[in-house]
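Q: Next comes the structure file protein.pdb, holding PDB, C-alpha atoms.
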ATOM      1  CA  MET A   1      48.416  41.801 -49.507
ATOM      2  CA  ALA A   2      46.779  42.785 -46.234
ATOM      3  CA  GLU A   3      49.031  44.791 -43.951
ATOM      4  CA  PHE A   4      49.039  45.872 -40.332
ATOM      5  CA  ARG A   5      51.590  47.608 -38.150
ATOM      6  CA  ILE A   6      52.694  46.992 -34.553
ATOM      7  CA  THR A   7      54.224  49.983 -32.795
ATOM      8  CA  SER A   8      55.506  50.685 -29.307
ATOM      9  CA  ASP A   9      56.851  53.775 -27.594
ATOM     10  CA  SER A  10      58.885  51.569 -25.289
ATOM     11  CA  GLY A  11      62.084  49.999 -26.511
ATOM     12  CA  ALA A  12      61.715  47.140 -24.039
ATOM     13  CA  LEU A  13      59.432  45.100 -26.304
ATOM     14  CA  ASP A  14      60.764  42.750 -28.950
ATOM     15  CA  LEU A  15      58.231  43.709 -31.621
ATOM     16  CA  ARG A  16      59.506  41.197 -34.151
ATOM     17  CA  ARG A  17      59.098  38.370 -31.642
ATOM     18  CA  LEU A  18      55.663  39.700 -30.714
ATOM     19  CA  ALA A  19      54.641  39.692 -34.379
ATOM     20  CA  ALA A  20      55.985  36.150 -34.854
ATOM     21  CA  ASP A  21      54.001  34.937 -31.828
ATOM     22  CA  LEU A  22      50.875  36.613 -33.198
ATOM     23  CA  VAL A  23      51.325  34.889 -36.560
ATOM     24  CA  GLU A  24      51.797  31.523 -34.844
ATOM     25  CA  SER A  25      48.749  32.013 -32.622
ATOM     26  CA  GLN A  26      46.620  32.547 -35.738
ATOM     27  CA  GLY A  27      47.992  29.401 -37.368
ATOM     28  CA  TRP A  28      49.176  31.299 -40.446
ATOM     29  CA  PRO A  29      51.854  29.532 -42.551
ATOM     30  CA  ARG A  30      55.058  31.554 -42.381
ATOM     31  CA  ASP A  31      55.569  31.347 -46.150
ATOM     32  CA  GLN A  32      52.359  33.364 -46.582
ATOM     33  CA  VAL A  33      53.302  36.036 -44.044
ATOM     34  CA  SER A  34      56.103  38.604 -44.068
ATOM     35  CA  ILE A  35      57.418  40.495 -41.044
ATOM     36  CA  TRP A  36      59.402  43.676 -41.630
ATOM     37  CA  GLN A  37      61.027  45.722 -38.897
ATOM     38  CA  ASN A  38      61.699  49.323 -39.823
ATOM     39  CA  ARG A  39      65.084  50.803 -39.176
ATOM     40  CA  GLY A  40      65.254  52.042 -35.608
ATOM     41  CA  GLY A  41      63.059  49.235 -34.277
ATOM     42  CA  GLY A  42      60.099  51.464 -33.434
ATOM     43  CA  ASP A  43      57.548  49.479 -35.403
ATOM     44  CA  VAL A  44      57.010  46.228 -37.260
ATOM     45  CA  VAL A  45      54.970  45.757 -40.428
ATOM     46  CA  VAL A  46      53.228  42.428 -41.009
ATOM     47  CA  THR A  47      51.883  41.565 -44.464
ATOM     48  CA  VAL A  48      49.451  38.671 -44.787
ATOM     49  CA  ASP A  49      48.090  36.820 -47.797
ATOM     50  CA  PRO A  50      44.410  37.914 -48.031
ATOM     51  CA  ALA A  51      43.355  34.280 -48.445
ATOM     52  CA  LEU A  52      44.378  33.665 -44.826
ATOM     53  CA  LEU A  53      41.945  36.326 -43.610
ATOM     54  CA  GLU A  54      38.905  34.825 -45.291
ATOM     55  CA  GLU A  55      36.375  33.404 -42.868
ATOM     56  CA  ARG A  56      36.369  29.638 -43.104
ATOM     57  CA  SER A  57      34.267  26.946 -41.538
ATOM     58  CA  PRO A  58      36.119  25.104 -38.763
ATOM     59  CA  ASP A  59      37.528  21.698 -39.585
ATOM     60  CA  PRO A  60      35.051  19.195 -38.068
ATOM     61  CA  LEU A  61      37.939  16.840 -37.302
ATOM     62  CA  ALA A  62      39.801  19.494 -35.296
ATOM     63  CA  VAL A  63      37.055  20.999 -33.136
ATOM     64  CA  SER A  64      36.379  19.971 -29.552
ATOM     65  CA  VAL A  65      33.367  17.802 -28.762
ATOM     66  CA  HIS A  66      31.393  19.011 -25.751
ATOM     67  CA  THR A  67      27.681  18.300 -25.711
ATOM     68  CA  ARG A  68      25.829  15.012 -25.841
ATOM     69  CA  SER A  69      24.525  15.734 -29.342
ATOM     70  CA  GLU A  70      28.050  16.535 -30.550
ATOM     71  CA  VAL A  71      29.308  13.251 -29.081
ATOM     72  CA  HIS A  72      26.474  11.427 -30.854
ATOM     73  CA  ARG A  73      27.297  13.001 -34.232
ATOM     74  CA  ALA A  74      31.020  12.379 -33.757
ATOM     75  CA  CYS A  75      30.389   8.697 -33.031
ATOM     76  CA  GLU A  76      28.260   8.414 -36.162
ATOM     77  CA  THR A  77      31.216   9.784 -38.141
ATOM     78  CA  LEU A  78      33.566   7.347 -36.399
ATOM     79  CA  ARG A  79      31.345   4.439 -37.337
ATOM     80  CA  ARG A  80      31.216   5.503 -40.985
ATOM     81  CA  SER A  81      34.973   6.092 -41.132
ATOM     82  CA  ASP A  82      36.220   2.903 -39.442
ATOM     83  CA  PRO A  83      34.787  -0.377 -40.816
ATOM     84  CA  SER A  84      35.846  -2.248 -37.656
ATOM     85  CA  LEU A  85      33.248  -0.274 -35.661
ATOM     86  CA  ARG A  86      30.206  -1.272 -37.687
ATOM     87  CA  GLY A  87      29.539  -4.299 -35.500
ATOM     88  CA  VAL A  88      30.000  -2.366 -32.244
ATOM     89  CA  ASP A  89      26.880  -1.449 -30.308
ATOM     90  CA  PHE A  90      26.414   2.299 -30.718
ATOM     91  CA  ALA A  91      25.835   2.902 -26.995
ATOM     92  CA  GLU A  92      29.114   1.131 -26.158
ATOM     93  CA  LEU A  93      30.957   3.128 -28.815
ATOM     94  CA  ARG A  94      29.506   6.351 -27.423
ATOM     95  CA  ASP A  95      30.515   5.456 -23.858
ATOM     96  CA  GLU A  96      34.099   4.675 -24.876
ATOM     97  CA  ALA A  97      34.472   7.746 -27.105
ATOM     98  CA  ALA A  98      32.857  10.129 -24.600
ATOM     99  CA  ARG A  99      35.669   9.557 -22.095
ATOM    100  CA  PHE A 100      38.247  10.703 -24.630
ATOM    101  CA  PHE A 101      36.181  13.652 -25.820
ATOM    102  CA  ALA A 102      35.828  14.717 -22.173
ATOM    103  CA  ALA A 103      39.645  14.750 -21.971
ATOM    104  CA  GLY A 104      39.789  17.315 -24.783
ATOM    105  CA  TRP A 105      40.317  14.947 -27.701
ATOM    106  CA  THR A 106      38.930  15.863 -31.102
ATOM    107  CA  LEU A 107      37.294  13.592 -33.648
ATOM    108  CA  GLY A 108      40.522  13.626 -35.657
ATOM    109  CA  ASP A 109      42.464  12.553 -32.555
ATOM    110  CA  LEU A 110      40.174   9.584 -32.004
ATOM    111  CA  LEU A 111      40.377   8.539 -35.653
ATOM    112  CA  HIS A 112      44.163   8.681 -35.382
ATOM    113  CA  ALA A 113      44.104   6.537 -32.217
ATOM    114  CA  LEU A 114      41.914   3.940 -33.925
ATOM    115  CA  GLY A 115      44.415   3.709 -36.755
ATOM    116  CA  HIS A 116      47.705   4.041 -34.862
ATOM    117  CA  ARG A 117      49.286   3.000 -31.606
ATOM    118  CA  HIS A 118      50.638   5.601 -29.198
ATOM    119  CA  ASP A 119      54.145   4.972 -30.579
ATOM    120  CA  GLY A 120      52.940   5.729 -34.124
ATOM    121  CA  ALA A 121      52.833   2.150 -35.417
ATOM    122  CA  PRO A 122      49.673   1.370 -37.424
ATOM    123  CA  TRP A 123      47.082  -1.015 -36.053
ATOM    124  CA  PRO A 124      46.417  -4.144 -38.133
ATOM    125  CA  GLN A 125      43.207  -4.141 -40.127
ATOM    126  CA  GLY A 126      40.991  -6.699 -41.773
ATOM    127  CA  PRO A 127      38.873  -9.701 -40.766
ATOM    128  CA  GLY A 128      39.205 -10.540 -37.088
ATOM    129  CA  TYR A 129      40.163  -6.996 -36.108
ATOM    130  CA  GLU A 130      36.740  -5.689 -35.198
ATOM    131  CA  GLY A 131      34.168  -5.533 -32.427
ATOM    132  CA  ILE A 132      34.029  -3.916 -29.001
ATOM    133  CA  GLU A 133      37.056  -5.793 -27.621
ATOM    134  CA  TRP A 134      39.247  -4.603 -30.501
ATOM    135  CA  LEU A 135      37.993  -1.045 -29.962
ATOM    136  CA  GLN A 136      38.787  -1.200 -26.243
ATOM    137  CA  HIS A 137      42.192  -2.755 -26.925
ATOM    138  CA  ARG A 138      43.169   0.083 -29.257
ATOM    139  CA  LEU A 139      41.968   2.802 -26.908
ATOM    140  CA  ARG A 140      43.656   1.118 -23.931
ATOM    141  CA  ASN A 141      46.981   1.722 -25.670
ATOM    142  CA  TRP A 142      46.305   5.460 -25.346
ATOM    143  CA  LYS A 143      45.960   5.232 -21.570
ATOM    144  CA  SER A 144      48.660   5.255 -18.927
ATOM    145  CA  GLU A 145      49.364   2.369 -16.559
ATOM    146  CA  THR A 146      47.020   4.003 -14.043
ATOM    147  CA  GLY A 147      44.215   4.257 -16.599
ATOM    148  CA  ASP A 148      44.550   7.990 -17.266
ATOM    149  CA  ILE A 149      43.989   9.098 -20.850
ATOM    150  CA  ARG A 150      47.215  10.203 -22.503
ATOM    151  CA  PRO A 151      47.482  13.485 -24.445
ATOM    152  CA  SER A 152      46.148  13.099 -27.968
ATOM    153  CA  VAL A 153      48.254  13.583 -31.071
ATOM    154  CA  SER A 154      46.994  17.162 -31.479
ATOM    155  CA  GLN A 155      47.553  17.948 -27.791
ATOM    156  CA  GLU A 156      51.111  16.599 -27.966
ATOM    157  CA  GLY A 157      51.696  18.686 -31.084
ATOM    158  CA  ALA A 158      50.498  21.816 -29.283
ATOM    159  CA  GLN A 159      52.719  21.020 -26.302
ATOM    160  CA  MET A 160      55.777  20.478 -28.493
ATOM    161  CA  ARG A 161      55.192  23.777 -30.303
ATOM    162  CA  ILE A 162      55.211  25.528 -26.940
ATOM    163  CA  VAL A 163      58.373  23.719 -25.867
ATOM    164  CA  GLY A 164      59.967  24.567 -29.208
ATOM    165  CA  ARG A 165      59.201  28.229 -28.638
ATOM    166  CA  ILE A 166      60.158  28.616 -24.967
ATOM    167  CA  GLY A 167      62.679  25.771 -24.697
ATOM    168  CA  LEU A 168      63.343  23.350 -21.870
ATOM    169  CA  PRO A 169      65.529  24.055 -18.822
ATOM    170  CA  SER A 170      69.209  23.522 -19.541
ATOM    171  CA  GLY A 171      70.629  20.334 -18.097
ATOM    172  CA  LEU A 172      67.266  18.584 -17.939
ATOM    173  CA  GLY A 173      67.984  14.869 -17.555
ATOM    174  CA  ALA A 174      71.719  15.268 -16.970
ATOM    175  CA  PRO A 175      73.304  13.418 -14.012
ATOM    176  CA  ASP A 176      73.637  15.459 -10.828
ATOM    177  CA  GLU A 177      77.395  15.938 -10.975
ATOM    178  CA  GLY A 178      79.905  18.735 -10.840
ATOM    179  CA  ALA A 179      80.778  20.827 -13.862
ATOM    180  CA  ASP A 180      84.220  19.197 -14.170
ATOM    181  CA  ALA A 181      82.926  15.634 -14.029
ATOM    182  CA  PRO A 182      83.207  13.605 -17.257
ATOM    183  CA  ARG A 183      80.006  13.483 -19.264
ATOM    184  CA  ARG A 184      78.241  10.131 -19.335
ATOM    185  CA  ALA A 185      74.808   8.799 -20.099
ATOM    186  CA  ALA A 186      72.125   9.316 -17.491
ATOM    187  CA  SER A 187      70.880   6.307 -15.571
ATOM    188  CA  PRO A 188      67.478   4.863 -16.532
ATOM    189  CA  GLU A 189      65.997   6.304 -13.331
ATOM    190  CA  THR A 190      67.324   9.782 -14.168
ATOM    191  CA  ALA A 191      66.099   9.510 -17.760
ATOM    192  CA  ARG A 192      62.616   8.525 -16.618
ATOM    193  CA  ALA A 193      62.560  11.374 -14.098
ATOM    194  CA  ALA A 194      63.659  13.813 -16.816
ATOM    195  CA  ALA A 195      60.918  12.585 -19.130
ATOM    196  CA  ASP A 196      58.374  13.087 -16.351
ATOM    197  CA  ASP A 197      59.724  16.600 -15.719
ATOM    198  CA  ALA A 198      59.479  17.461 -19.414
ATOM    199  CA  ARG A 199      55.951  16.078 -19.599
ATOM    200  CA  ARG A 200      54.861  18.091 -16.567
ATOM    201  CA  LEU A 201      56.453  21.218 -18.021
ATOM    202  CA  MET A 202      54.664  20.764 -21.339
ATOM    203  CA  ARG A 203      51.350  20.266 -19.587
ATOM    204  CA  ALA A 204      51.918  23.303 -17.366
ATOM    205  CA  GLN A 205      52.686  25.507 -20.365
ATOM    206  CA  SER A 206      49.939  24.136 -22.614
ATOM    207  CA  ARG A 207      46.404  25.484 -22.633
ATOM    208  CA  THR A 208      45.265  22.143 -24.001
ATOM    209  CA  THR A 209      45.476  20.385 -20.648
ATOM    210  CA  SER A 210      43.512  23.033 -18.777
ATOM    211  CA  ASP A 211      40.975  23.083 -21.582
ATOM    212  CA  SER A 212      40.542  19.324 -21.253
ATOM    213  CA  LEU A 213      39.709  19.723 -17.565
ATOM    214  CA  GLU A 214      37.069  22.288 -18.463
ATOM    215  CA  HIS A 215      35.719  19.916 -21.116
ATOM    216  CA  ARG A 216      35.483  17.142 -18.543
ATOM    217  CA  GLU A 217      33.584  19.347 -16.114
ATOM    218  CA  ARG A 218      31.206  20.603 -18.795
ATOM    219  CA  THR A 219      30.474  17.204 -20.268
ATOM    220  CA  ALA A 220      30.355  15.075 -17.130
ATOM    221  CA  SER A 221      26.820  16.182 -16.325
ATOM    222  CA  HIS A 222      25.636  15.488 -19.881
ATOM    223  CA  ILE A 223      27.034  11.992 -20.359
ATOM    224  CA  THR A 224      24.798   9.155 -19.273
ATOM    225  CA  ARG A 225      26.689   5.946 -18.646
ATOM    226  CA  ARG A 226      24.948   2.621 -18.942
ATOM    227  CA  ARG A 227      24.609   0.557 -15.815
ATOM    228  CA  ARG A 228      26.266  -2.815 -16.102
TER     229      ARG A 228
END
Starting from the file, give its structure as structure tokens.
A:
Amino acid sequence: MAEFRITSDSGALDLRRLAADLVESQGWPRDQVSIWQNRGGGDVVVTVDPALLEERSPDPLAVSVHTRSEVHRACETLRRSDPSLRGVDFAELRDEAARFFAAGWTLGDLLHALGHRHDGAPWPQGPGYEGIEWLQHRLRNWKSETGDIRPSVSQEGAQMRIVGRIGLPSGLGAPDEGADAPRRAASPETARAAADDARRLMRAQSRTTSDSLEHRERTASHITRRRR
């Protein structure tokens, strides 16, 4: 087992929490990592399965797509992976996919969106479910009412991990009443406002959203859109 130690001369740091955050940031499974805090709390020892430290090639489905050539290769993979795209003009497929890649989506995110609705229900498949209109219909489900691209499945997962670690403000979504008032369900307006607050908080705490803005700025100058 590989081992490293975290020490601090100050007692103000929660070394065990710091070690746990480090393990999570590396994406190491907790069942392959052990965290030991020595008596006295002056240092923490972390042991890691050596297999986790081996250099591995990045998962092509989980990496961001930035440049025009990367978008082209990703769309070729999409076309091979989804039979409903084989009759779609490649330039139209590239234009549709490029908008989502510019928002920070990965190839795996786009494959998930082509197979599932935003609520998780699978899209129907087979004869009749193909072509550019079917592609646009599926991707439209992953946009808001104003046309903005929603967070992808991997972005939502990253946001929820952050919320799970730092928590949400207490009382979020509760009716604005006194402490002694009887508890009751929030009104639909309050529930919607709470959901918006939670969504804004997740986006504010997630690096994914800021990264997507950088992706959009970097790729905007490289994407050529066809004139209609």
Q: Would you pick out the contacts of Gly128 of chain A at 12 Å or less, using only C-alpha atoms, so that residues sharing its chain but fewer than 6 positions from it are not included, and give the list as a ChimeraX atom specification?
A: /A:83-85,87,134-135
Q: Would you work out the distance separating atom CA of Ala158 of chain A from atom CA of Leu22 of chain A, expressed in Å to one decimal?
A: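 Separation between atom CA of Ala158 of chain A and atom CA of Leu22 of chain A: 15.3 Å.
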Q: Quick one: of A:Leu61, A:Val71, A:Leu107, A:Val48, who's nearest to Arg5 of chain A, counting all atoms listed in the file?
A: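 Smallest separation from Arg5 of chain A among the options: A:Val48.
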Q: Run the PyMOL selection byres ((chain A and resi 100) around 12) mentally over the shown coordinates, then write out the matched residues as a JSON list (two decimals) with C-alpha atoms, keeping the file's coordinate frame, using the chain letters and numbers from the document.
A:
[["chain", "number", "residue", "atom", "x", "y", "z"],
["A", 64, "SER", "CA", 36.38, 19.97, -29.55],
["A", 65, "VAL", "CA", 33.37, 17.80, -28.76],
["A", 66, "HIS", "CA", 31.39, 19.01, -25.75],
["A", 71, "VAL", "CA", 29.31, 13.25, -29.08],
["A", 74, "ALA", "CA", 31.02, 12.38, -33.76],
["A", 75, "CYS", "CA", 30.39, 8.70, -33.03],
["A", 93, "LEU", "CA", 30.96, 3.13, -28.82],
["A", 94, "ARG", "CA", 29.51, 6.35, -27.42],
["A", 95, "ASP", "CA", 30.52, 5.46, -23.86],
["A", 96, "GLU", "CA", 34.10, 4.68, -24.88],
["A", 97, "ALA", "CA", 34.47, 7.75, -27.10],
["A", 98, "ALA", "CA", 32.86, 10.13, -24.60],
["A", 99, "ARG", "CA", 35.67, 9.56, -22.10],
["A", 101, "PHE", "CA", 36.18, 13.65, -25.82],
["A", 102, "ALA", "CA", 35.83, 14.72, -22.17],
["A", 103, "ALA", "CA", 39.65, 14.75, -21.97],
["A", 104, "GLY", "CA", 39.79, 17.32, -24.78],
["A", 105, "TRP", "CA", 40.32, 14.95, -27.70],
["A", 106, "THR", "CA", 38.93, 15.86, -31.10],
["A", 107, "LEU", "CA", 37.29, 13.59, -33.65],
["A", 108, "GLY", "CA", 40.52, 13.63, -35.66],
["A", 109, "ASP", "CA", 42.46, 12.55, -32.56],
["A", 110, "LEU", "CA", 40.17, 9.58, -32.00],
["A", 111, "LEU", "CA", 40.38, 8.54, -35.65],
["A", 113, "ALA", "CA", 44.10, 6.54, -32.22],
["A", 139, "LEU", "CA", 41.97, 2.80, -26.91],
["A", 140, "ARG", "CA", 43.66, 1.12, -23.93],
["A", 142, "TRP", "CA", 46.30, 5.46, -25.35],
["A", 143, "LYS", "CA", 45.96, 5.23, -21.57],
["A", 147, "GLY", "CA", 44.22, 4.26, -16.60],
["A", 148, "ASP", "CA", 44.55, 7.99, -17.27],
["A", 149, "ILE", "CA", 43.99, 9.10, -20.85],
["A", 150, "ARG", "CA", 47.22, 10.20, -22.50],
["A", 151, "PRO", "CA", 47.48, 13.48, -24.44],
["A", 152, "SER", "CA", 46.15, 13.10, -27.97],
["A", 212, "SER", "CA", 40.54, 19.32, -21.25],
["A", 213, "LEU", "CA", 39.71, 19.72, -17.57],
["A", 215, "HIS", "CA", 35.72, 19.92, -21.12],
["A", 216, "ARG", "CA", 35.48, 17.14, -18.54],
["A", 219, "THR", "CA", 30.47, 17.20, -20.27],
["A", 220, "ALA", "CA", 30.36, 15.08, -17.13]]
Q: Can you list what the PyMOL selection byres ((chain A and resi 33) around 9) grabs from this structure, as an mmCIF file with C-alpha atoms, keeping the file's coordinate frame?
A:
data_model
loop_
_atom_site.group_PDB
_atom_site.id
_atom_site.type_symbol
_atom_site.label_atom_id
_atom_site.label_comp_id
_atom_site.auth_asym_id
_atom_site.auth_seq_id
_atom_site.Cartn_x
_atom_site.Cartn_y
_atom_site.Cartn_z
ATOM 1 C CA VAL A 23 51.325 34.889 -36.560
ATOM 2 C CA TRP A 28 49.176 31.299 -40.446
ATOM 3 C CA PRO A 29 51.854 29.532 -42.551
ATOM 4 C CA ARG A 30 55.058 31.554 -42.381
ATOM 5 C CA ASP A 31 55.569 31.347 -46.150
ATOM 6 C CA GLN A 32 52.359 33.364 -46.582
ATOM 7 C CA SER A 34 56.103 38.604 -44.068
ATOM 8 C CA ILE A 35 57.418 40.495 -41.044
ATOM 9 C CA VAL A 46 53.228 42.428 -41.009
ATOM 10 C CA THR A 47 51.883 41.565 -44.464
ATOM 11 C CA VAL A 48 49.451 38.671 -44.787
ATOM 12 C CA ASP A 49 48.090 36.820 -47.797
#
Q: Just give me the gap between atom CA of Arg16 of chain A and atom CA of Trp36 of chain A in Å, one decimal is fine.
A: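 Atom CA of Trp36 of chain A lies 7.9 Å from atom CA of Arg16 of chain A.
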Q: Which distance in Å separates atom CA of Val45 of chain A and atom CA of Phe4 of chain A, to one decimal?
A: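 Going from atom CA of Val45 of chain A over to atom CA of Phe4 of chain A, I get 5.9 Å.
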